[in-house]
Amino acid sequence: MVSPPRPKMPGLNSLRAFESAARHESFADAAIELSVTPGAIAQQVKSLEIWTGKKLFKRHSQGVELTALGVGTLSDFTTAFDALGEAVIKLRANAVPQEIRIAALPSIAQLWLSPKLPEVRAAMPDIIISLTALEKRPIMMREPFDLAVFYNERPIPEKTIAVGDDWIFPVCSPEIAVNLNRPEDLLDQVLLHDTAWSGDWKNWFYRFLPDQKLHVTGPAFSLYSLAVEEAKNSAGILMGHSTLIGEQLASGALVAPFDHKLDIKRSLTIEIAGHGVNTSVLQNIIEMLLLE
């Protein structure tokens with residue numbers, strides 16, 4: 001018996017590109033999520049449109065917009081890729097049951113999480129703990145991470161554990177703090193800037209020094225951990241994040257010269273993958289991470 005050939009399917013990459021671009025309504029955001037260029041996303045989507053014979057997006061100078069066909073198709077592909085991602089993650093967990101993979105924002109990974117991991121590893125020597133620094137929170141149903149440690153706006157989502165609220169306030173070395181008695185003294189000082197949170201100083205000035213002009217110049221750093229090190233080295237004054245600099249404040253390497261703290265309405269959180277894998281191990285790790 002001869003079976004008829006199966007019809008040729010579109011490539012998996014083109015389907016992934018469409019689903020991500022449709023979910024974000026942006027080729028650029030899809031490119032970031034899939035770690036490719038926007039041009040690659042556009043090319044993959046175009047190949048899928050050629051395969052279907054219909055347009056899935058309307059192209060505008062401001063971006064892209066889903067057609068009716070694209071809107072009607074998106075939910076099916078999102079469900080399919082979520083299911084595929086969960087199957088792959090379960091396969092990985094069953095193949096390496098003793099490995100726990102954690103994703104975290106780089107600043108959190110370096111300043112909050114990494115210092116805690118030696119104690120966790122010592123208490124759980126049979127567990128392999130891997131840490132990946134990511135600028136953007138992963139889609140937990142699709143990517144092989146068991147825990148994700150990122151910031152969330154308050155109120156925090158369900159199935160997410162709040163570690164602590166994030167407040168911002170100026171911090172500096174003890175040597176620089178000698179010359180700081182009131183917020184206005186900042187006007188004659190070098191201010192350090194973090195490029196990821198470029199609005200921190202502006203927001204703090206707006207709240208506590210609304211009539212003063214902010215120094216927009218000053219050293220800028222692409223990694224918050226580098227800015228913290230430079231603040232410790234007396235390079236200038238940094239806008240501290242309460243959830244990241246507790247160790248430096250406790251040791252005295254950094255000090256907060258003022259009591260003026262701004263609540264930025266977000267919390268450091270831990271998200272647990274909903275795959276039901278290594279549940280007891282994950283809970284033990286989280287309990288240790290939450291210890292002061």
# chains A, B, ... in the order shown; residues from 1 in each chain; ligands from 1
call {"tool": "select_by_dssp", "arguments": {"residues": "stretch 48-259 of chain A", "states": "strand (DSSP E or B)", "output": "ChimeraX atom specification"}}
result
/A:57-60,63-66,99-104,128-133,147-153,160-172,191-194,220-221,237-241,255
call {"tool": "select_by_dssp", "arguments": {"residues": "stretch 51-278 of chain A", "states": "helix (DSSP H, G or I)", "output": "ChimeraX atom specification"}}
result
/A:51-52,68-95,106-123,174-177,183-188,200-208,224-232,246-251
call {"tool": "residues_around", "arguments": {"residues": "A:Leu34", "least_positions_apart": "4", "cutoff": "9 Å", "atoms": "only C-alpha atoms", "output": "PyMOL selection string"}}
result
chain A and resi 16-17+20+29-30+41
call {"tool": "residues_around", "arguments": {"residues": "A:Arg154", "least_positions_apart": "4", "cutoff": "12 Å", "atoms": "only C-alpha atoms", "output": "list of chain:residue names"}}
result
A:Glu158, A:Thr160, A:Ile161, A:Ala162, A:Gly164, A:Asp165, A:Asp166, A:Asp263, A:Ile264, A:Lys265, A:Arg266, A:Ser267, A:Leu268, A:Thr269
call {"tool": "residues_around", "arguments": {"residues": "A:Arg142", "least_positions_apart": "4", "cutoff": "7 Å", "atoms": "only C-alpha atoms", "output": "ChimeraX atom specification"}}
result
/A:82,85-86
call {"tool": "write_last_selection", "arguments": {"atoms": "N, CA and C atoms", "output": "short mmCIF file (atom, residue, chain, number, x, y, z; two decimals), in the first residue's frame"}}
result
data_model
loop_
_atom_site.label_atom_id
_atom_site.label_comp_id
_atom_site.auth_asym_id
_atom_site.auth_seq_id
_atom_site.Cartn_x
_atom_site.Cartn_y
_atom_site.Cartn_z
N ASP A 82 2.67 27.28 23.16
CA ASP A 82 2.72 27.09 24.61
C ASP A 82 2.79 25.60 24.93
N GLY A 85 6.21 24.26 23.94
CA GLY A 85 7.21 24.70 24.90
C GLY A 85 7.15 23.92 26.19
N GLU A 86 5.95 23.67 26.68
CA GLU A 86 5.80 22.91 27.92
C GLU A 86 6.29 21.48 27.75
#
call {"tool": "decode", "arguments": {"residues": "stretch 157-189 of chain A", "atoms": "N, CA and C atoms", "output": "short mmCIF file (atom, residue, chain, number, x, y, z; two decimals), in the first residue's frame"}}
result
data_model
loop_
_atom_site.label_atom_id
_atom_site.label_comp_id
_atom_site.auth_asym_id
_atom_site.auth_seq_id
_atom_site.Cartn_x
_atom_site.Cartn_y
_atom_site.Cartn_z
N PRO A 157 1.58 39.89 39.85
CA PRO A 157 0.70 38.86 39.28
C PRO A 157 0.54 37.65 40.19
N GLU A 158 -0.45 36.84 39.89
CA GLU A 158 -0.64 35.59 40.62
C GLU A 158 0.52 34.64 40.33
N LYS A 159 0.72 33.67 41.21
CA LYS A 159 1.79 32.66 41.10
C LYS A 159 3.17 33.31 41.10
N THR A 160 3.24 34.49 41.73
CA THR A 160 4.50 35.21 41.83
C THR A 160 4.72 35.58 43.29
N ILE A 161 5.94 35.37 43.77
CA ILE A 161 6.26 35.63 45.17
C ILE A 161 6.98 36.97 45.28
N ALA A 162 6.48 37.85 46.13
CA ALA A 162 7.11 39.15 46.34
C ALA A 162 8.27 39.01 47.31
N VAL A 163 9.45 39.45 46.90
CA VAL A 163 10.63 39.43 47.76
C VAL A 163 10.71 40.71 48.57
N GLY A 164 10.45 41.84 47.93
CA GLY A 164 10.49 43.12 48.63
C GLY A 164 10.17 44.26 47.69
N ASP A 165 9.60 45.33 48.24
CA ASP A 165 9.30 46.52 47.45
C ASP A 165 10.59 47.27 47.15
N ASP A 166 10.64 47.91 45.99
CA ASP A 166 11.84 48.62 45.56
C ASP A 166 11.66 50.12 45.77
N TRP A 167 12.55 50.69 46.56
CA TRP A 167 12.58 52.13 46.80
C TRP A 167 13.91 52.66 46.27
N ILE A 168 13.91 53.90 45.80
CA ILE A 168 15.15 54.49 45.31
C ILE A 168 15.54 55.70 46.17
N PHE A 169 16.87 55.86 46.35
CA PHE A 169 17.41 56.94 47.16
C PHE A 169 18.89 57.06 46.86
N PRO A 170 19.46 58.27 47.00
CA PRO A 170 20.89 58.45 46.71
C PRO A 170 21.78 57.66 47.66
N VAL A 171 22.85 57.06 47.11
CA VAL A 171 23.84 56.37 47.92
C VAL A 171 25.22 56.76 47.42
N CYS A 172 26.19 56.65 48.31
CA CYS A 172 27.55 57.02 47.95
C CYS A 172 28.52 56.40 48.94
N SER A 173 29.80 56.60 48.69
CA SER A 173 30.81 56.12 49.62
C SER A 173 30.80 56.99 50.87
N PRO A 174 31.30 56.47 52.00
CA PRO A 174 31.36 57.28 53.23
C PRO A 174 32.17 58.56 53.04
N GLU A 175 33.21 58.51 52.18
CA GLU A 175 34.04 59.69 51.97
C GLU A 175 33.23 60.84 51.34
N ILE A 176 32.39 60.53 50.38
CA ILE A 176 31.57 61.56 49.74
C ILE A 176 30.45 62.01 50.67
N ALA A 177 29.91 61.08 51.46
CA ALA A 177 28.77 61.40 52.33
C ALA A 177 29.11 62.47 53.35
N VAL A 178 30.39 62.65 53.69
CA VAL A 178 30.80 63.66 54.67
C VAL A 178 30.35 65.06 54.25
N ASN A 179 30.27 65.30 52.95
CA ASN A 179 29.91 66.62 52.44
C ASN A 179 28.42 66.76 52.09
N LEU A 180 27.63 65.77 52.45
CA LEU A 180 26.20 65.79 52.11
C LEU A 180 25.37 65.86 53.38
N ASN A 181 24.71 66.99 53.57
CA ASN A 181 23.87 67.18 54.75
C ASN A 181 22.39 67.31 54.41
N ARG A 182 22.10 67.76 53.19
CA ARG A 182 20.72 67.94 52.76
C ARG A 182 20.66 67.69 51.25
N PRO A 183 19.48 67.38 50.70
CA PRO A 183 19.37 67.06 49.28
C PRO A 183 19.96 68.11 48.35
N GLU A 184 19.86 69.38 48.74
CA GLU A 184 20.38 70.44 47.88
C GLU A 184 21.89 70.32 47.65
N ASP A 185 22.58 69.63 48.53
CA ASP A 185 24.03 69.47 48.38
C ASP A 185 24.38 68.62 47.17
N LEU A 186 23.41 67.92 46.61
CA LEU A 186 23.65 67.10 45.42
C LEU A 186 23.96 67.96 44.20
N LEU A 187 23.56 69.20 44.23
CA LEU A 187 23.68 70.05 43.04
C LEU A 187 25.14 70.29 42.65
N ASP A 188 26.05 70.15 43.57
CA ASP A 188 27.47 70.38 43.28
C ASP A 188 28.26 69.08 43.18
N GLN A 189 27.55 67.97 43.07
CA GLN A 189 28.22 66.67 43.09
C GLN A 189 28.11 65.97 41.72
#
